[in-house]
$ cat final.txt   # compact mmCIF, C-alpha atoms
# COMPACT_ATOMS: atom_id res chain seq x y z
CA MET D 179 78.60 101.97 82.80
CA LYS D 180 81.75 99.97 82.09
CA VAL D 181 81.24 96.74 80.12
CA LEU D 182 84.18 94.34 79.84
CA ILE D 183 84.13 91.84 76.97
CA CYS D 184 86.18 88.68 77.39
CA GLY D 185 86.49 85.08 76.24
CA LYS D 186 88.61 82.54 74.41
CA GLY D 187 90.94 83.67 71.65
CA GLY D 188 89.23 83.81 68.27
CA SER D 189 85.72 83.79 69.72
CA GLY D 190 84.82 87.22 68.33
CA LYS D 191 85.51 89.55 71.27
CA SER D 192 86.87 92.40 69.16
CA THR D 193 84.15 92.08 66.53
CA LEU D 194 81.47 92.07 69.22
CA SER D 195 83.13 95.02 70.99
CA ALA D 196 83.01 97.05 67.78
CA LEU D 197 79.42 96.06 66.97
CA ILE D 198 78.18 96.77 70.51
CA SER D 199 79.92 100.15 70.45
CA VAL D 200 78.16 101.10 67.21
CA ALA D 201 74.78 99.86 68.50
CA LEU D 202 75.14 101.81 71.76
CA LYS D 203 76.14 104.95 69.87
CA ASN D 204 73.07 104.53 67.64
CA LEU D 205 70.94 104.32 70.81
CA GLY D 206 72.25 107.75 71.82
CA TYR D 207 75.04 106.85 74.24
CA ARG D 208 78.47 108.43 74.20
CA VAL D 209 80.86 105.50 73.75
CA LEU D 210 84.49 105.06 74.72
CA LEU D 211 85.90 101.82 73.27
CA VAL D 212 88.99 100.69 75.19
CA ASP D 213 91.42 98.35 73.45
CA ALA D 214 92.94 96.47 76.39
CA ASP D 215 94.27 93.59 74.27
CA GLU D 216 98.03 93.98 74.07
CA SER D 217 98.42 91.39 71.31
CA ASN D 218 95.56 91.96 68.86
CA LEU D 219 96.39 94.74 66.43
CA GLY D 220 93.07 95.02 64.59
CA LEU D 221 90.36 96.70 66.69
CA HIS D 222 90.94 100.11 65.12
CA ARG D 223 90.53 98.51 61.68
CA LEU D 224 87.14 97.13 62.69
CA MET D 225 86.19 100.73 63.49
CA GLY D 226 87.55 101.97 60.15
CA ILE D 227 90.14 104.33 61.63
CA SER D 228 93.88 104.63 62.16
CA SER D 229 95.19 103.52 65.52
CA PRO D 230 95.97 106.36 67.92
CA ILE D 231 99.17 106.42 69.95
CA SER D 232 98.68 104.04 72.86
CA LEU D 233 98.24 105.42 76.35
CA MET D 234 101.33 103.47 77.41
CA ASP D 235 103.43 105.16 74.72
CA HIS D 236 101.87 108.54 75.55
CA LEU D 237 103.04 108.05 79.16
CA GLY D 238 106.59 107.43 77.93
CA GLY D 239 106.52 103.68 77.30
CA LYS D 240 106.85 100.68 79.60
CA LYS D 241 110.16 101.77 81.16
CA ALA D 242 108.85 105.21 82.11
CA PHE D 243 105.61 103.67 83.36
CA LYS D 244 107.50 101.20 85.57
CA SER D 245 109.76 103.94 86.95
CA LYS D 246 106.67 105.93 88.03
CA LEU D 247 105.43 102.86 89.88
CA SER D 248 108.57 102.21 91.95
CA PRO D 249 108.13 105.12 94.37
CA SER D 250 104.38 104.47 94.64
CA PHE D 251 104.57 101.34 96.76
CA PRO D 252 103.11 101.34 99.54
CA LYS D 253 100.64 104.05 98.39
CA GLY D 254 99.36 102.07 95.47
CA PRO D 255 100.20 102.21 91.76
CA GLU D 256 96.94 103.90 90.80
CA ASP D 257 97.97 107.11 92.57
CA ALA D 258 101.39 107.17 90.89
CA ILE D 259 99.91 107.30 87.39
CA PHE D 260 96.68 109.25 87.84
CA SER D 261 96.49 111.16 91.10
CA LYS D 262 92.79 112.01 90.79
CA ARG D 263 89.62 110.63 89.31
CA MET D 264 88.84 111.69 85.76
CA SER D 265 86.11 111.73 83.16
CA SER D 266 86.64 110.32 79.69
CA GLY D 267 86.73 113.92 78.45
CA GLU D 268 89.94 114.42 80.42
CA LEU D 269 91.80 111.69 78.55
CA SER D 270 94.50 113.10 76.29
CA GLU D 271 93.23 113.67 72.74
CA ALA D 272 96.63 112.40 71.54
CA CYS D 273 95.59 108.91 72.72
CA LEU D 274 92.13 108.92 71.17
CA ALA D 275 90.86 108.19 67.68
CA GLN D 276 87.27 108.80 66.62
CA ALA D 277 84.94 106.82 64.40
CA ASP D 278 81.49 108.29 63.84
CA GLY D 279 81.34 109.62 67.39
CA ILE D 280 82.88 106.56 69.04
CA ARG D 281 86.19 107.28 70.74
CA LEU D 282 88.91 104.60 70.79
CA LEU D 283 91.57 104.42 73.50
CA VAL D 284 94.39 101.89 73.04
CA ILE D 285 96.04 100.94 76.35
CA GLY D 286 99.26 99.48 74.92
CA LYS D 287 100.72 96.85 72.61
CA ILE D 288 103.63 94.43 72.60
CA ASN D 289 105.80 96.08 69.95
CA GLU D 290 109.29 94.60 70.20
CA PHE D 291 110.87 91.16 70.37
CA GLY D 292 112.00 90.49 73.92
CA GLU D 293 110.33 93.52 75.50
CA GLY D 294 108.93 91.39 78.30
CA CYS D 295 105.50 90.58 79.58
CA ALA D 296 102.31 92.60 79.30
CA CYS D 297 102.01 93.13 83.06
CA ALA D 298 102.38 96.89 82.73
CA MET D 299 99.49 97.04 80.25
CA GLY D 300 97.28 95.05 82.62
CA LEU D 301 98.09 97.41 85.46
CA LEU D 302 97.48 100.45 83.27
CA SER D 303 94.09 99.04 82.20
CA LYS D 304 93.10 98.49 85.83
CA THR D 305 94.35 101.95 86.82
CA VAL D 306 92.50 103.77 84.03
CA LEU D 307 89.26 101.91 84.74
CA SER D 308 89.55 102.47 88.50
CA LYS D 309 90.04 106.23 88.07
CA LEU D 310 87.52 106.75 85.25
CA ASP D 311 84.16 108.28 86.15
CA VAL D 312 81.43 107.51 83.62
CA ALA D 313 78.45 109.81 83.00
CA ASP D 314 74.88 108.48 82.84
CA ASP D 315 74.77 108.92 79.05
CA GLU D 316 78.13 107.21 78.50
CA ILE D 317 79.23 103.59 78.19
CA VAL D 318 82.80 102.31 78.21
CA VAL D 319 83.27 99.07 76.26
CA ILE D 320 86.51 97.24 77.10
CA ASP D 321 87.90 94.69 74.62
CA THR D 322 90.27 92.40 76.54
CA GLU D 323 92.95 89.90 75.68
CA ALA D 324 92.05 86.23 75.28
CA GLY D 325 91.61 84.19 78.42
CA ILE D 326 91.19 85.22 82.04
CA GLU D 327 94.37 87.04 83.04
CA HIS D 328 92.38 90.26 83.45
CA PHE D 329 90.44 88.54 86.25
CA GLY D 330 93.73 87.71 87.97
CA ARG D 331 94.75 91.36 87.72
CA ARG D 332 91.35 92.51 89.09
CA VAL D 333 90.61 94.56 85.96
CA ASP D 334 87.07 93.16 85.97
CA ALA D 335 86.43 94.48 89.50
CA GLU D 336 86.53 98.00 88.03
CA CYS D 337 83.62 97.22 85.67
CA ASP D 338 79.86 97.09 86.07
CA MET D 339 79.28 94.13 83.79
CA VAL D 340 81.22 91.34 82.09
CA LEU D 341 80.11 89.91 78.78
CA GLY D 342 81.65 86.50 78.12
CA VAL D 343 82.01 85.49 74.48
CA THR D 344 82.10 81.80 73.58
CA ASP D 345 82.45 79.66 70.51
CA PRO D 346 81.07 76.10 70.20
CA SER D 347 84.15 74.36 71.60
CA PHE D 348 84.73 72.46 74.84
CA GLU D 349 87.58 74.81 75.80
CA SER D 350 85.36 77.84 75.33
CA PHE D 351 82.62 76.44 77.56
CA MET D 352 85.15 75.49 80.25
CA LEU D 353 86.55 79.02 80.10
CA ALA D 354 83.02 80.46 80.34
CA LYS D 355 82.42 78.46 83.52
CA LYS D 356 85.69 79.77 85.00
CA MET D 357 84.80 83.35 83.97
CA GLN D 358 81.45 83.02 85.71
CA GLU D 359 83.09 81.79 88.93
CA MET D 360 85.62 84.63 88.88
CA ALA D 361 83.02 87.29 88.06
CA GLU D 362 80.95 86.15 91.03
CA LYS D 363 84.02 86.49 93.29
CA ALA D 364 84.60 89.98 91.87
CA ASP D 365 80.92 90.78 92.55
CA VAL D 366 80.42 91.74 88.90
CA GLU D 367 77.43 90.64 86.85
CA ILE D 368 78.36 88.37 83.93
CA PHE D 369 76.35 87.45 80.85

$ encode --input "final.txt" --output "structure tokens"
Amino acid sequence: MKVLICGKGGSGKSTLSALISVALKNLGYRVLLVDADESNLGLHRLMGISSPISLMDHLGGKKAFKSKLSPSFPKGPEDAIFSKRMSSGELSEACLAQADGIRLLVIGKINEFGEGCACAMGLLSKTVLSKLDVADDEIVVIDTEAGIEHFGRRVDAECDMVLGVTDPSFESFMLAKKMQEMAEKADVEIF
């Protein structure tokens, strides 16, 4: 099962992602925690570990990633990056950190002034999730960036469930309503 956690900035998405990962591991599941938030630098700290190299950097960085995509159109970008489906065990160990049996995969981060938008990270998140096969005893928890851009990039369509996190503000409730509408269009259950 793939569970995507989203909501307004500062609502507790990363904290909840870490806590849910620990709870699921304690229930006997194998857990892959995916850090798909290109701006927040602290998820690995919540897990008490050092951050692994990001998958984007492991693939050569944004420029190399984009150059792999150019020849892929009209095939589709997913096939240019990962040509076949994979299990979480096939992810490169160089991109994974472990915390008490929970594996952490960081998609990518904005590292430099002026490096451009995070579009490549959104596409890489969608690609990884679309190609990732999950075993019955495994749960993938995806911590996303603030807001709803991941819905616009169809990242949520690759998941089995969306968990919306809110705080007690008007903006948060308005965003929750929008997330519910978008999840319904993606045919993904939202809580």

$ closest_residue --input "final.txt" --among "D:Lys244, D:Leu202, D:Leu210, D:Gln276" --to "D:Met225" --atoms "all atoms listed in the file"
D:Gln276

$ residues_around --input "final.txt" --residues "D:Lys240" --least-positions-apart "5" --cutoff "12 Å" --atoms "only C-alpha atoms" --output "NGL selection string"
:D and (232-235 or 245-247 or 285-290 or 293-302)

$ residues_around --input "final.txt" --residues "D:Thr322" --least-positions-apart "2" --cutoff "7 Å" --atoms "only C-alpha atoms" --output "short mmCIF file (atom, residue, chain, number, x, y, z; two decimals) with C-alpha atoms, keeping the file's coordinate frame"
data_model
loop_
_atom_site.label_atom_id
_atom_site.label_comp_id
_atom_site.auth_asym_id
_atom_site.auth_seq_id
_atom_site.Cartn_x
_atom_site.Cartn_y
_atom_site.Cartn_z
CA ILE D 183 84.13 91.84 76.97
CA CYS D 184 86.18 88.68 77.39
CA ASP D 213 91.42 98.35 73.45
CA ALA D 214 92.94 96.47 76.39
CA ASP D 215 94.27 93.59 74.27
CA ILE D 320 86.51 97.24 77.10
CA ALA D 324 92.05 86.23 75.28
#

$ atom_distance --input "final.txt" --atom1 "atom CA of D:Ser350" --atom2 "atom CA of D:Glu323"
14.3 Å

$ atom_distance --input "final.txt" --atom1 "atom CA of D:Asp278" --atom2 "atom CA of D:Val209"
10.3 Å

$ atom_distance --input "final.txt" --atom1 "atom CA of D:Gly239" --atom2 "atom CA of D:Glu268"
20.0 Å

$ closest_residue --input "final.txt" --among "D:His328, D:Lys309, D:Arg281, D:Lys355" --to "D:Ala196" --atoms "only C-alpha atoms"
D:Arg281

$ residues_around --input "final.txt" --residues "D:Val319" --least-positions-apart "4" --cutoff "7 Å" --atoms "all atoms listed in the file" --output "list in words"
Lys180, Val181, Leu182, Ser195, Ser199, Leu210, Leu211 and Val212 of chain D

$ write_last_selection --input "final.txt" --atoms "C-alpha atoms" --output "PDB file, in the coordinates of the input"
ATOM      1  CA  LYS D 180      81.750  99.970  82.090  1.00  0.00           C
ATOM      2  CA  VAL D 181      81.240  96.740  80.120  1.00  0.00           C
ATOM      3  CA  LEU D 182      84.180  94.340  79.840  1.00  0.00           C
ATOM      4  CA  SER D 195      83.130  95.020  70.990  1.00  0.00           C
ATOM      5  CA  SER D 199      79.920 100.150  70.450  1.00  0.00           C
ATOM      6  CA  LEU D 210      84.490 105.060  74.720  1.00  0.00           C
ATOM      7  CA  LEU D 211      85.900 101.820  73.270  1.00  0.00           C
ATOM      8  CA  VAL D 212      88.990 100.690  75.190  1.00  0.00           C
TER       9      VAL D 212
END

$ residues_around --input "final.txt" --residues "D:His236" --least-positions-apart "6" --cutoff "9 Å" --atoms "all atoms listed in the file" --output "list in words"
Ser270, Ala272 and Cys273 of chain D

$ residues_around --input "final.txt" --residues "D:Asp345" --least-positions-apart "2" --cutoff "12 Å" --atoms "all atoms listed in the file" --output "PyMOL selection string"
chain D and resi 184-191+342-343+347-354

$ residues_near_point --input "final.txt" --point "(86.4, 94.8, 65.0)" --cutoff "8 Å" --atoms "only C-alpha atoms" --output "count of residues only"
12

$ axis_aligned_box --input "final.txt" --around "stretch 339-352 of chain D" --padding-each-side "5 Å" --output "lines of an AutoDock Vina configuration file"
center_x = 83.4
center_y = 83.3
center_z = 77.0
size_x = 18.3
size_y = 31.7
size_z = 23.6

$ closest_residue --input "final.txt" --among "D:Lys262, D:Thr305, D:Lys241, D:Val340" --to "D:Asp321" --atoms "only C-alpha atoms"
D:Val340

$ closest_residue --input "final.txt" --among "D:Ser265, D:Lys304, D:Ala313, D:Ala361" --to "D:Ile326" --atoms "all atoms listed in the file"
D:Ala361

$ closest_residue --input "final.txt" --among "D:Ser308, D:Ser303, D:Asn204, D:Thr344" --to "D:Ile280" --atoms "all atoms listed in the file"
D:Asn204

$ closest_residue --input "final.txt" --among "D:Ala242, D:Leu283, D:Met360, D:Val306" --to "D:Glu271" --atoms "all atoms listed in the file"
D:Leu283
